[in-house]
Amino acid sequence: MNACLRAVVRTGIHYGLEVYGIYRGYEGMIEGDIERLDDHFVSGIIQRGGTVLKTARSEAFRTPEGRKQAFNALQAKGIEGLVVIGGDGSFRGAMALNKEFDIPVIGCPGTIDNDLFGTDYTIGYDTAVNTVVDAVDHIRDTADSHNRLFFIEVMGRDAGFIALRSGIASGAESVLIPETTTYIDKLITILDQGWKRNKRSAMILVAEGDESGGAYEVAQQVKEKFPQWETKVTVLGHIQRGGRPSAFDRVVASRMGNEAVKALLNGKTNQMVGLQHGAMVLVPFEKATKHHHEINKHLLELVDVLS
């Protein structure tokens with residue numbers, strides 16, 4: 001998100017605008033925690049994970065009174081348009097602010113889950129996938145050395161994009177995600193076939209929202225069938241949400257931030273900047289929040305073929 005923020009600030013300055021940063025999202029907007037930003041503020045942040053402006057949930061912003069207070073804070077600073085970096089909830093808040101006070105809003109998709117409709121990639125997704133792959137590569141060294149069966153749980157409460165792409169990239173034997181039905185018998189068959197081919201270690205990636213109940217639950221159901229393997233579970237957790245962003249993420253975020261400012265200058269509002277087939281596009285918030293980014297069926301088939 002810092003790369004996106006940097007692009008917004010520098011693009012705005014390039015076009016002669018005054019650019020302000022709002023700390024802690026809508027909560028900071030309500031409290032008037034708003035600061036004028038310059039080139040120096042965004043120097044040296046493109047390589048940093050997270051967001052230098054911080055973020056926070058805001059129950060107060062869900063109320064008309066809270067949004068009115070937020071709008072008053074924007075008016076006090078002379079702010080005429082907003083770039084919102086976030087996910088579904090952030091965009092719904094932006095739509096409400098626009099509807100009630102007619103302030104132009106453009107969104108940049110910032111979520112590691114990659115589940116927003118209208119963009120091939122969201123800011124943070126590629127970095128999260130690379131973090132998982134790096135972790136799995138390290139775990140595989142232990143698995144290979146000690147004849148171990150590893151179940152690795154990754155983030156994805158409602159979507160399996162991280163698990164699917166990182167599973168293919170790390171050579172996992174199977175990937176379990178919320179979008180598909182998990183058949184434990186099928187998984188056991190895959191592992192048994194691998195054992196008969198003299199595979200002495202295996203890696204199973206499980207999205208946290210998988211219907212089977214997560215990595216611990218799946219491991220419990222499977223390990224009794226394979227006493228020859230020592231079964232282990234690793235939950236990667238929040239390491240996926242931080243760290244040095246990938247080059248791909250930095251470029252995509254920079255392009256999105258630049259496009260968001262230009263969209264505001266061109267009179268656009270209530271739209272999200274998306275990346276489709278390599279090109280920057282604008283997608284209505286209504287579509288981005290109501291529709292669901294579907295899993296690539298070819299990638300699902302690829303997992304089975306390559307396992």
# chains A, B, ... in the order shown; residues from 1 in each chain; ligands from 1
call {"tool": "residues_around", "arguments": {"residues": "His238 in chain A", "least_positions_apart": "5", "cutoff": "10 Å", "atoms": "only C-alpha atoms", "output": "ChimeraX atom specification"}}
result
/A:128,154-155
call {"tool": "residues_around", "arguments": {"residues": "Asp38 in chain A", "least_positions_apart": "6", "cutoff": "12 Å", "atoms": "only C-alpha atoms", "output": "list in words"}}
result
Leu5, Arg6, Ala7, Val8, Val9, Arg10, Thr11, Gly12, Ile13, His14, Gly16, Leu17, Glu18, Val19, Tyr20 and Gly21 of chain A
call {"tool": "write_last_selection", "arguments": {"atoms": "N, CA and C atoms", "output": "CSV table (one decimal), in the first residue's frame"}}
result
chain,number,residue,atom,x,y,z
A,5,LEU,N,0.4,4.7,-2.1
A,5,LEU,CA,0.3,6.0,-1.5
A,5,LEU,C,1.4,6.9,-2.1
A,6,ARG,N,2.5,6.4,-2.3
A,6,ARG,CA,3.6,7.2,-2.9
A,6,ARG,C,3.2,7.7,-4.3
A,7,ALA,N,2.6,6.8,-5.1
A,7,ALA,CA,2.2,7.2,-6.4
A,7,ALA,C,1.1,8.3,-6.4
A,8,VAL,N,0.1,8.1,-5.5
A,8,VAL,CA,-0.9,9.1,-5.3
A,8,VAL,C,-0.4,10.5,-5.0
A,9,VAL,N,0.5,10.5,-4.0
A,9,VAL,CA,1.1,11.8,-3.6
A,9,VAL,C,1.9,12.5,-4.7
A,10,ARG,N,2.8,11.7,-5.4
A,10,ARG,CA,3.6,12.3,-6.4
A,10,ARG,C,2.9,12.6,-7.7
A,11,THR,N,1.9,11.8,-8.0
A,11,THR,CA,1.0,12.2,-9.2
A,11,THR,C,0.2,13.4,-8.9
A,12,GLY,N,-0.3,13.5,-7.7
A,12,GLY,CA,-1.1,14.7,-7.3
A,12,GLY,C,-0.2,16.0,-7.4
A,13,ILE,N,1.0,15.9,-6.8
A,13,ILE,CA,1.9,17.0,-6.9
A,13,ILE,C,2.3,17.4,-8.3
A,14,HIS,N,2.5,16.3,-9.1
A,14,HIS,CA,2.8,16.6,-10.5
A,14,HIS,C,1.8,17.4,-11.2
A,16,GLY,N,-0.2,19.6,-9.8
A,16,GLY,CA,-0.4,20.8,-9.1
A,16,GLY,C,-1.5,20.8,-8.0
A,17,LEU,N,-1.7,19.6,-7.5
A,17,LEU,CA,-2.7,19.4,-6.4
A,17,LEU,C,-2.0,19.5,-5.0
A,18,GLU,N,-2.8,19.8,-4.0
A,18,GLU,CA,-2.4,19.6,-2.7
A,18,GLU,C,-2.9,18.2,-2.2
A,19,VAL,N,-2.0,17.5,-1.6
A,19,VAL,CA,-2.4,16.1,-1.3
A,19,VAL,C,-2.3,15.9,0.2
A,20,TYR,N,-3.4,15.3,0.8
A,20,TYR,CA,-3.4,15.1,2.2
A,20,TYR,C,-3.5,13.6,2.5
A,21,GLY,N,-2.9,13.2,3.6
A,21,GLY,CA,-3.0,11.8,4.1
A,21,GLY,C,-3.9,11.7,5.3
call {"tool": "residues_around", "arguments": {"residues": "Lys77 in chain A", "least_positions_apart": "4", "cutoff": "9 Å", "atoms": "only C-alpha atoms", "output": "PyMOL selection string"}}
result
chain A and resi 20+32+34-35+72-73
call {"tool": "atom_distance", "arguments": {"atom1": "CA of Val252 in chain A", "atom2": "CA of Tyr125 in chain A"}}
result
10.6 Å
call {"tool": "closest_residue", "arguments": {"among": "A:Thr269, A:Ile22, A:Thr189, A:Gly44", "to": "Leu97 in chain A", "atoms": "only C-alpha atoms"}}
result
A:Thr269
call {"tool": "residues_around", "arguments": {"residues": "range 58-60 of chain A", "least_positions_apart": "5", "cutoff": "10 Å", "atoms": "only C-alpha atoms", "output": "PyMOL selection string"}}
result
chain A and resi 24-30+65-67+69-70
call {"tool": "decode", "arguments": {"residues": "range 16-146 of chain A", "atoms": "C-alpha atoms", "output": "compact mmCIF listing (two decimals), in the first residue's frame"}}
result
# COMPACT_ATOMS: atom_id res chain seq x y z
CA GLY A 16 -0.43 20.83 -9.12
CA LEU A 17 -2.69 19.42 -6.41
CA GLU A 18 -2.43 19.63 -2.65
CA VAL A 19 -2.38 16.08 -1.28
CA TYR A 20 -3.43 15.08 2.23
CA GLY A 21 -3.03 11.79 4.06
CA ILE A 22 -5.64 10.50 6.47
CA TYR A 23 -4.24 8.42 9.33
CA ARG A 24 -6.05 5.26 10.50
CA GLY A 25 -8.62 5.21 7.68
CA TYR A 26 -12.18 6.31 8.38
CA GLU A 27 -11.54 6.46 12.11
CA GLY A 28 -8.84 9.04 11.54
CA MET A 29 -11.09 10.87 9.11
CA ILE A 30 -13.75 11.25 11.80
CA GLU A 31 -11.17 12.51 14.29
CA GLY A 32 -9.61 14.91 11.79
CA ASP A 33 -6.25 13.12 11.90
CA ILE A 34 -5.32 14.53 8.50
CA GLU A 35 -1.95 15.88 7.34
CA ARG A 36 -0.62 17.61 4.24
CA LEU A 37 1.81 15.29 2.44
CA ASP A 38 4.81 16.24 0.32
CA ASP A 39 7.49 14.47 -1.69
CA HIS A 40 9.65 13.97 1.38
CA PHE A 41 6.89 12.15 3.29
CA VAL A 42 6.75 9.36 0.71
CA SER A 43 10.51 9.08 0.16
CA GLY A 44 11.89 5.70 1.11
CA ILE A 45 8.56 3.96 1.71
CA ILE A 46 8.11 1.98 -1.52
CA GLN A 47 10.05 -0.98 -0.08
CA ARG A 48 8.13 -1.07 3.22
CA GLY A 49 5.25 -3.43 3.96
CA GLY A 50 1.99 -2.34 5.54
CA THR A 51 1.02 1.33 5.42
CA VAL A 52 2.75 4.37 6.92
CA LEU A 53 -0.68 6.00 7.29
CA LYS A 54 -1.82 3.10 9.50
CA THR A 55 -5.31 1.61 9.34
CA ALA A 56 -8.18 0.91 11.74
CA ARG A 57 -11.74 -0.36 11.79
CA SER A 58 -14.36 2.30 12.50
CA GLU A 59 -17.72 1.45 13.98
CA ALA A 60 -18.57 5.16 14.17
CA PHE A 61 -18.21 5.54 10.40
CA ARG A 62 -21.02 3.00 9.90
CA THR A 63 -23.43 5.60 11.29
CA PRO A 64 -24.76 8.71 9.46
CA GLU A 65 -23.52 10.84 12.35
CA GLY A 66 -20.02 9.44 12.04
CA ARG A 67 -19.91 10.00 8.28
CA LYS A 68 -21.15 13.58 8.74
CA GLN A 69 -18.34 14.21 11.21
CA ALA A 70 -15.86 12.70 8.75
CA PHE A 71 -17.10 14.90 5.92
CA ASN A 72 -16.84 17.99 8.12
CA ALA A 73 -13.19 17.11 8.79
CA LEU A 74 -12.57 16.83 5.04
CA GLN A 75 -14.21 20.19 4.41
CA ALA A 76 -12.10 21.81 7.10
CA LYS A 77 -9.01 20.83 5.10
CA GLY A 78 -10.52 21.80 1.74
CA ILE A 79 -10.36 18.23 0.47
CA GLU A 80 -12.31 17.80 -2.79
CA GLY A 81 -11.73 14.14 -3.65
CA LEU A 82 -10.61 10.86 -2.07
CA VAL A 83 -8.43 7.93 -3.07
CA VAL A 84 -9.34 4.95 -0.88
CA ILE A 85 -6.92 2.02 -0.71
CA GLY A 86 -8.62 -1.07 0.69
CA GLY A 87 -11.10 -3.85 0.15
CA ASP A 88 -14.81 -4.46 0.12
CA GLY A 89 -15.57 -2.66 3.39
CA SER A 90 -13.48 0.36 2.49
CA PHE A 91 -15.25 0.70 -0.84
CA ARG A 92 -18.69 0.44 0.73
CA GLY A 93 -17.73 3.23 3.10
CA ALA A 94 -16.54 5.33 0.16
CA MET A 95 -19.82 4.77 -1.66
CA ALA A 96 -21.80 5.88 1.39
CA LEU A 97 -19.70 9.04 1.72
CA ASN A 98 -20.20 9.84 -1.95
CA LYS A 99 -23.94 9.23 -1.83
CA GLU A 100 -24.51 11.40 1.22
CA PHE A 101 -22.09 14.26 0.50
CA ASP A 102 -21.30 14.01 -3.22
CA ILE A 103 -17.53 13.91 -2.71
CA PRO A 104 -15.72 12.10 -5.57
CA VAL A 105 -14.08 8.80 -4.56
CA ILE A 106 -11.78 6.41 -6.43
CA GLY A 107 -10.60 3.10 -4.97
CA CYS A 108 -7.40 1.09 -5.27
CA PRO A 109 -7.81 -2.60 -4.37
CA GLY A 110 -5.63 -3.38 -1.36
CA THR A 111 -6.17 -6.91 -0.05
CA ILE A 112 -3.90 -9.96 -0.05
CA ASP A 113 -6.88 -12.25 -0.74
CA ASN A 114 -7.18 -11.11 -4.40
CA ASP A 115 -10.95 -11.62 -4.19
CA LEU A 116 -12.23 -8.28 -5.52
CA PHE A 117 -14.13 -8.51 -8.79
CA GLY A 118 -12.80 -6.49 -11.72
CA THR A 119 -9.05 -6.82 -11.24
CA ASP A 120 -6.67 -9.67 -11.98
CA TYR A 121 -4.45 -8.68 -9.08
CA THR A 122 -4.95 -6.74 -5.86
CA ILE A 123 -2.22 -4.85 -4.02
CA GLY A 124 -0.41 -7.23 -1.67
CA TYR A 125 -1.50 -10.51 -3.25
CA ASP A 126 1.73 -11.25 -5.11
CA THR A 127 3.82 -10.47 -2.05
CA ALA A 128 1.68 -12.77 0.12
CA VAL A 129 2.02 -15.62 -2.39
CA ASN A 130 5.80 -15.19 -2.54
CA THR A 131 5.95 -15.18 1.27
CA VAL A 132 4.05 -18.47 1.39
CA VAL A 133 6.21 -20.06 -1.30
CA ASP A 134 9.38 -19.04 0.53
CA ALA A 135 8.05 -20.54 3.77
CA VAL A 136 6.98 -23.77 2.07
CA ASP A 137 10.42 -24.11 0.44
CA HIS A 138 12.01 -23.92 3.89
CA ILE A 139 9.56 -26.43 5.36
CA ARG A 140 10.15 -28.84 2.47
CA ASP A 141 13.80 -29.16 3.48
CA THR A 142 12.68 -30.55 6.83
CA ALA A 143 9.97 -32.71 5.25
CA ASP A 144 12.41 -34.30 2.81
CA SER A 145 15.02 -34.93 5.47
CA HIS A 146 12.69 -36.55 7.99
